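Asker: Take this structure, written in structure tokens, and hold onto it; I'll ask about it next.
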Amino acid sequence: QVQLVESGGGLVQPGGSLRLSCAASASISSINSMGWYRQAPGKQREFVARITKGGTTNYAVSVKGRFTISRDSAKNTAYLQLNSLKPEDTALYYCNADLGWGRDSWGQGTQVTVSS
């Protein structure tokens, strides 16, 4: 099982930026895909972005053009660059690894708060 540790969250003003990191305990080169999800208070967890091991990315409509997902296999880390942040982006952001065969791993989450 791969362990994931997120970092990089914080408090930022509307229009600001953050970069989230997801460090994996094992090589991510063979992981099918890495993804980011978020959960706001009182809401269900929702998909944000995903990147396959081939580098294909996809995004939720609400973040497309503002967020960018990437991965660095040498560092076993995935990233989520958050730009032009809005108050509605406030949530606990989780990293996910699709290990294949119906298995996946989740991190503990990192809080992003967008407020003036």
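Residue numbering restarts at 1 for every chain of the structure tokens, chains are lettered A, B, ... in their displayed order, and ligands are numbered from 1 as they appear.
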Excluding range 86-94 of chain A and residues on its chain fewer than 2 positions from it, collect all residues at most 10 Å away from it, counting only C-alpha atoms, and give them as a PyMOL selection string.

Answerer: chain A and resi 4-7+9-17+20+22+35-41+43+45-48+62-63+80+82-84+96+106-116

Asker: Hey, what's within 9 Å of Ser33 in chain A if we count only C-alpha atoms and toss same-chain stuff fewer than 2 positions away? As a list in words, please?

Answerer: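 Counting only the stated atoms, we get Ile28, Ser30, Ile31, Gly35, Arg50, Ile51, Thr52, Lys53, Gly54, Gly55, Asn96, Ala97, Asp98, Leu99 and Gly100 of chain A.
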
Asker: Kindly indicate which residue among A:Arg103, A:Val2, A:Thr56, A:Gln44 lies nearest to Ala24 in chain A, using only C-alpha atoms for the distances.

Answerer: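 For Ala24 in chain A, the nearest of the candidates is A:Val2.
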
Asker: Which value, in Å to one decimal, gives the distance between CA of Ser27 in chain A and CA of Ser105 in chain A?

Answerer: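 Pair CA of Ser27 in chain A / CA of Ser105 in chain A returns 13.5 Å.
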
Asker: I need the residues in range 29-106 of chain A that are helix (DSSP H, G or I) according to DSSP; give them as a list in words.

Answerer: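 Result set for range 29-106 of chain A (helix (DSSP H, G or I)): Ser73, Ala74, Lys75, Pro87, Glu88 and Asp89 of chain A.
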
Asker: For the residues selected in the previous step, produce a file with N, CA, C and O atoms as a compact mmCIF listing (two decimals), in the first residue's frame.

Answerer:
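The result, stored in result.txt:
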```txt
# COMPACT_ATOMS: atom_id res chain seq x y z
N SER A 73 8.12 12.17 -11.06
CA SER A 73 8.41 10.78 -10.69
C SER A 73 9.73 10.66 -9.93
O SER A 73 9.88 9.78 -9.08
N ALA A 74 10.67 11.53 -10.23
CA ALA A 74 11.97 11.47 -9.53
C ALA A 74 11.82 11.77 -8.04
O ALA A 74 12.59 11.27 -7.22
N LYS A 75 10.82 12.57 -7.72
CA LYS A 75 10.57 12.93 -6.32
C LYS A 75 9.39 12.18 -5.72
O LYS A 75 9.04 12.41 -4.56
N PRO A 87 -13.33 32.08 -2.92
CA PRO A 87 -13.82 31.58 -1.62
C PRO A 87 -14.45 30.18 -1.73
O PRO A 87 -14.31 29.37 -0.81
N GLU A 88 -15.09 29.90 -2.85
CA GLU A 88 -15.72 28.60 -3.01
C GLU A 88 -14.72 27.47 -3.22
O GLU A 88 -15.10 26.30 -3.27
N ASP A 89 -13.44 27.79 -3.35
CA ASP A 89 -12.40 26.76 -3.40
C ASP A 89 -12.00 26.29 -2.00
O ASP A 89 -11.21 25.34 -1.87
```

Asker: Mind the document's chain letters and residue numbers, and return as a VMD selection string the residues of chain A that DSSP labels strand (DSSP E or B).

Answerer: chain A and resid 4 to 7 10 to 12 18 to 24 33 to 39 46 to 52 57 to 59 64 67 to 72 77 to 82 91 to 100 103 to 106 110 to 114
